Amino acid sequence: MQFKAKIQLKGINPYVLVGAARARRIKADWKRPMPVLVQVNGKPDPAWPINMMPAGDGSFYLYLDGGVRGASGTDVGDMVEVSVVFDDTYRSGPQHEMLPEFASGLDENHLAKARWDGLSPSLKKEVLRYLANLKSDAARQRNVERAIGVLSGAKERFMARDWN
């Protein structure tokens with residue numbers, strides 16, 4: 001689907017609003033974050049995978065990160081040609097393997113394991129990606145301990161969010 005729209009700003013996030021009727025044409029009856037492939041003014045090539053976020057009224061926010069805006073040479077306030085197709089190749093759930101030390105930490109802490117099991121697939125994916133991308137053994141160990149801590153009920157910030 002192609003349409004013209006103006007890039008707007010919500011907080012600090014550039015986005016294009018995809019109305020309810022357009023969203024239904026992309027994927028009917030979709031209520032959760034919608035995986036799509038996006039191009040703005042024909043860029044980037046190949047199209048960029050993004051999850052459109054539900055606005056609550058059937059419409060979706062298509063947030064345009066710096067990679068898409070940089071490739072298309074666009075910014076907030078620009079009128080753009082947007083190409084959006086549903087991404088049938090999207091895999092939900094965690095994409096990264098669980099670090100052995102994280103798995104053993106969860107096995108040893110039943111409260112943390114129960115909270116982990118209750119997390120949404122997208123948050124599990126985010127945590128596993130975060131832990132997998134740490135460069136040093138010390139950073140991995142420190143962050144595995146913090147993850148187990150917040151899952152156990154510790155009141156602290158981890159991954160730029162408050163837990164508990």
# chains A, B, ... in the order shown; residues from 1 in each chain; ligands from 1
>>> select_by_dssp(residues="chain A", states="strand (DSSP E or B)", output="PyMOL selection string")
chain A and resi 2-6+8-10+13-18+34-40+43-54+60-63+79-86+156-158+161-163
>>> write_last_selection(atoms="N, CA and C atoms", output="compact mmCIF listing (two decimals), in the first residue's frame")
# COMPACT_ATOMS: atom_id res chain seq x y z
N GLN A 2 0.53 2.20 -0.81
CA GLN A 2 1.25 3.47 -0.86
C GLN A 2 0.30 4.62 -0.55
N PHE A 3 0.83 5.59 0.16
CA PHE A 3 0.03 6.78 0.47
C PHE A 3 0.97 7.93 0.79
N LYS A 4 0.45 9.15 0.73
CA LYS A 4 1.21 10.34 1.10
C LYS A 4 0.81 10.75 2.51
N ALA A 5 1.80 11.21 3.26
CA ALA A 5 1.55 11.64 4.63
C ALA A 5 2.64 12.61 5.05
N LYS A 6 2.34 13.37 6.09
CA LYS A 6 3.30 14.29 6.66
C LYS A 6 3.94 13.64 7.88
N GLN A 8 5.12 13.56 11.39
CA GLN A 8 4.78 14.34 12.58
C GLN A 8 5.67 13.90 13.73
N LEU A 9 5.52 14.55 14.86
CA LEU A 9 6.33 14.26 16.03
C LEU A 9 5.41 13.97 17.21
N LYS A 10 5.65 12.84 17.88
CA LYS A 10 4.93 12.50 19.11
C LYS A 10 5.99 12.37 20.19
N ASN A 13 9.46 11.25 19.07
CA ASN A 13 9.42 10.20 18.06
C ASN A 13 8.73 10.63 16.77
N PRO A 14 9.48 10.68 15.65
CA PRO A 14 8.87 10.98 14.36
C PRO A 14 7.98 9.82 13.92
N TYR A 15 6.81 10.13 13.37
CA TYR A 15 5.89 9.08 12.95
C TYR A 15 5.00 9.57 11.80
N VAL A 16 4.38 8.60 11.17
CA VAL A 16 3.30 8.84 10.21
C VAL A 16 2.11 8.07 10.74
N LEU A 17 0.95 8.70 10.78
CA LEU A 17 -0.26 8.02 11.24
C LEU A 17 -0.85 7.22 10.09
N VAL A 18 -1.11 5.95 10.35
CA VAL A 18 -1.77 5.08 9.37
C VAL A 18 -3.19 4.90 9.89
N MET A 34 1.94 -4.29 14.59
CA MET A 34 1.86 -4.91 13.27
C MET A 34 3.23 -4.89 12.58
N PRO A 35 3.78 -6.07 12.28
CA PRO A 35 5.07 -6.10 11.57
C PRO A 35 4.88 -5.74 10.09
N VAL A 36 5.62 -4.73 9.65
CA VAL A 36 5.51 -4.28 8.26
C VAL A 36 6.90 -4.02 7.68
N LEU A 37 6.94 -3.95 6.37
CA LEU A 37 8.14 -3.52 5.65
C LEU A 37 7.83 -2.15 5.09
N VAL A 38 8.73 -1.19 5.31
CA VAL A 38 8.45 0.22 5.03
C VAL A 38 9.51 0.82 4.12
N GLN A 39 9.03 1.65 3.20
CA GLN A 39 9.90 2.54 2.43
C GLN A 39 9.29 3.93 2.47
N VAL A 40 10.15 4.93 2.56
CA VAL A 40 9.73 6.33 2.52
C VAL A 40 10.42 6.94 1.31
N LYS A 43 12.88 4.62 -0.31
CA LYS A 43 14.09 4.23 0.42
C LYS A 43 13.72 3.71 1.81
N PRO A 44 14.50 2.91 2.46
CA PRO A 44 15.68 2.21 1.97
C PRO A 44 15.29 1.06 1.05
N ASP A 45 16.26 0.54 0.36
CA ASP A 45 16.05 -0.60 -0.52
C ASP A 45 17.05 -1.67 -0.13
N PRO A 46 16.65 -2.77 0.41
CA PRO A 46 15.28 -3.26 0.57
C PRO A 46 14.54 -2.52 1.68
N ALA A 47 13.21 -2.74 1.69
CA ALA A 47 12.35 -2.08 2.68
C ALA A 47 12.78 -2.45 4.10
N TRP A 48 12.53 -1.54 5.03
CA TRP A 48 12.96 -1.66 6.42
C TRP A 48 11.85 -2.32 7.25
N PRO A 49 12.18 -3.32 8.09
CA PRO A 49 11.15 -3.90 8.97
C PRO A 49 10.90 -3.02 10.19
N ILE A 50 9.62 -2.77 10.44
CA ILE A 50 9.20 -1.94 11.58
C ILE A 50 7.90 -2.53 12.12
N ASN A 51 7.66 -2.37 13.40
CA ASN A 51 6.36 -2.71 13.97
C ASN A 51 5.55 -1.43 14.10
N MET A 52 4.40 -1.37 13.41
CA MET A 52 3.49 -0.24 13.62
C MET A 52 2.78 -0.47 14.95
N MET A 53 2.61 0.60 15.71
CA MET A 53 2.04 0.48 17.05
C MET A 53 0.58 0.94 17.06
N PRO A 54 -0.31 0.13 17.65
CA PRO A 54 -1.73 0.50 17.68
C PRO A 54 -1.96 1.80 18.44
N PHE A 60 -2.81 3.19 13.43
CA PHE A 60 -1.50 2.78 13.93
C PHE A 60 -0.50 3.91 13.75
N TYR A 61 0.45 3.99 14.69
CA TYR A 61 1.58 4.89 14.56
C TYR A 61 2.69 4.13 13.84
N LEU A 62 3.16 4.69 12.75
CA LEU A 62 4.31 4.14 12.03
C LEU A 62 5.49 5.03 12.40
N TYR A 63 6.23 4.61 13.44
CA TYR A 63 7.37 5.39 13.89
C TYR A 63 8.52 5.22 12.90
N MET A 79 6.41 16.16 3.72
CA MET A 79 5.36 15.35 3.10
C MET A 79 6.07 14.26 2.32
N VAL A 80 5.70 13.00 2.57
CA VAL A 80 6.43 11.87 2.00
C VAL A 80 5.48 10.86 1.37
N GLU A 81 6.03 10.04 0.50
CA GLU A 81 5.33 8.89 -0.09
C GLU A 81 5.74 7.67 0.73
N VAL A 82 4.78 7.03 1.37
CA VAL A 82 5.04 5.89 2.25
C VAL A 82 4.55 4.62 1.58
N SER A 83 5.40 3.60 1.58
CA SER A 83 5.03 2.28 1.08
C SER A 83 5.10 1.31 2.25
N VAL A 84 3.97 0.63 2.51
CA VAL A 84 3.88 -0.28 3.66
C VAL A 84 3.25 -1.58 3.20
N VAL A 85 3.91 -2.71 3.53
CA VAL A 85 3.32 -4.04 3.30
C VAL A 85 3.49 -4.86 4.57
N PHE A 86 2.52 -5.74 4.82
CA PHE A 86 2.60 -6.62 5.98
C PHE A 86 3.81 -7.53 5.81
N GLU A 156 14.71 -1.10 40.85
CA GLU A 156 15.80 -0.36 40.22
C GLU A 156 15.51 -0.25 38.73
N ARG A 157 16.36 0.53 38.05
CA ARG A 157 16.23 0.68 36.60
C ARG A 157 17.12 -0.35 35.93
N PHE A 158 16.59 -0.93 34.88
CA PHE A 158 17.34 -1.88 34.07
C PHE A 158 16.85 -1.70 32.64
N ARG A 161 14.42 1.35 31.95
CA ARG A 161 13.03 1.38 32.44
C ARG A 161 13.01 0.99 33.91
N ASP A 162 11.98 1.48 34.59
CA ASP A 162 11.77 1.11 35.98
C ASP A 162 11.05 -0.24 36.03
N TRP A 163 11.54 -1.12 36.86
CA TRP A 163 10.91 -2.42 37.06
C TRP A 163 10.35 -2.42 38.47
>>> select_by_dssp(residues="chain A", states="alpha helix (DSSP H)", output="ChimeraX atom specification")
/A:20-26,66-72,100-108,110-118,121-132,137-151
>>> residues_around(residues="region 137-154 of chain A", least_positions_apart="4", cutoff="8 Å", atoms="only C-alpha atoms", output="compact mmCIF listing (two decimals) with N, CA, C and O atoms, in the first residue's frame")
# COMPACT_ATOMS: atom_id res chain seq x y z
N GLU A 101 24.27 -18.45 31.60
CA GLU A 101 24.28 -17.91 32.96
C GLU A 101 22.94 -17.29 33.34
O GLU A 101 22.53 -17.33 34.50
N PHE A 102 22.20 -16.75 32.35
CA PHE A 102 20.88 -16.21 32.62
C PHE A 102 19.90 -17.36 32.87
O PHE A 102 19.11 -17.32 33.81
N GLY A 105 20.53 -18.74 36.27
CA GLY A 105 20.03 -17.80 37.28
C GLY A 105 18.52 -17.89 37.44
O GLY A 105 18.01 -17.84 38.56
N LEU A 106 17.81 -18.05 36.34
CA LEU A 106 16.35 -18.21 36.42
C LEU A 106 16.00 -19.54 37.08
O LEU A 106 15.04 -19.62 37.86
N ASN A 109 16.24 -19.22 40.83
CA ASN A 109 15.40 -18.22 41.48
C ASN A 109 13.97 -18.38 40.95
O ASN A 109 13.65 -17.90 39.87
N LEU A 111 11.09 -17.07 41.86
CA LEU A 111 10.33 -15.84 41.66
C LEU A 111 10.72 -15.18 40.34
O LEU A 111 9.86 -14.78 39.56
N ALA A 112 12.03 -15.07 40.09
CA ALA A 112 12.49 -14.48 38.83
C ALA A 112 12.00 -15.31 37.65
O ALA A 112 11.57 -14.76 36.63
N LYS A 113 12.02 -16.62 37.77
CA LYS A 113 11.57 -17.50 36.68
C LYS A 113 10.08 -17.29 36.41
O LYS A 113 9.65 -17.19 35.26
N ARG A 115 8.29 -14.59 37.04
CA ARG A 115 8.10 -13.27 36.42
C ARG A 115 8.57 -13.29 34.97
O ARG A 115 7.96 -12.67 34.11
N TRP A 116 9.68 -13.98 34.69
CA TRP A 116 10.17 -14.11 33.31
C TRP A 116 9.11 -14.78 32.45
O TRP A 116 8.81 -14.32 31.35
N LEU A 131 21.07 -8.62 26.37
CA LEU A 131 22.12 -9.44 26.99
C LEU A 131 23.07 -10.02 25.93
O LEU A 131 24.27 -10.08 26.14
N PHE A 158 16.59 -0.93 34.88
CA PHE A 158 17.34 -1.88 34.07
C PHE A 158 16.85 -1.70 32.64
O PHE A 158 15.65 -1.64 32.40
N TRP A 163 11.54 -1.12 36.86
CA TRP A 163 10.91 -2.42 37.06
C TRP A 163 10.35 -2.42 38.47
O TRP A 163 11.01 -2.03 39.40
N ASN A 164 9.18 -2.84 38.67
CA ASN A 164 8.54 -2.94 40.00
C ASN A 164 8.18 -1.58 40.54
O ASN A 164 8.78 -0.99 41.32
>>> residues_around(residues="Asp57 (chain A)", least_positions_apart="4", cutoff="10 Å", atoms="only C-alpha atoms", output="PDB file with N, CA, C and O atoms, in the first residue's frame")
ATOM      1  N   GLY A  19      -4.152   5.516   9.187  1.00  0.00           N
ATOM      2  CA  GLY A  19      -5.545   5.483   9.611  1.00  0.00           C
ATOM      3  C   GLY A  19      -6.111   4.078   9.656  1.00  0.00           C
ATOM      4  O   GLY A  19      -5.570   3.132   9.069  1.00  0.00           O
ATOM      5  N   ALA A  20      -7.235   3.935  10.356  1.00  0.00           N
ATOM      6  CA  ALA A  20      -7.855   2.622  10.554  1.00  0.00           C
ATOM      7  C   ALA A  20      -8.196   1.934   9.238  1.00  0.00           C
ATOM      8  O   ALA A  20      -7.964   0.733   9.084  1.00  0.00           O
ATOM      9  N   LYS A  31      -4.787  -6.194  15.917  1.00  0.00           N
ATOM     10  CA  LYS A  31      -4.948  -5.343  17.106  1.00  0.00           C
ATOM     11  C   LYS A  31      -3.635  -5.050  17.836  1.00  0.00           C
ATOM     12  O   LYS A  31      -3.557  -4.139  18.619  1.00  0.00           O
TER      13      LYS A  31
END
>>> closest_residue(among="A:Lys27, A:Ala160, A:Gly118, A:Ile12", to="Asp88 (chain A)", atoms="only C-alpha atoms")
A:Lys27
>>> residues_around(residues="Val127 (chain A)", least_positions_apart="5", cutoff="9 Å", atoms="only C-alpha atoms", output="ChimeraX atom specification")
/A:94,122,132,147,159
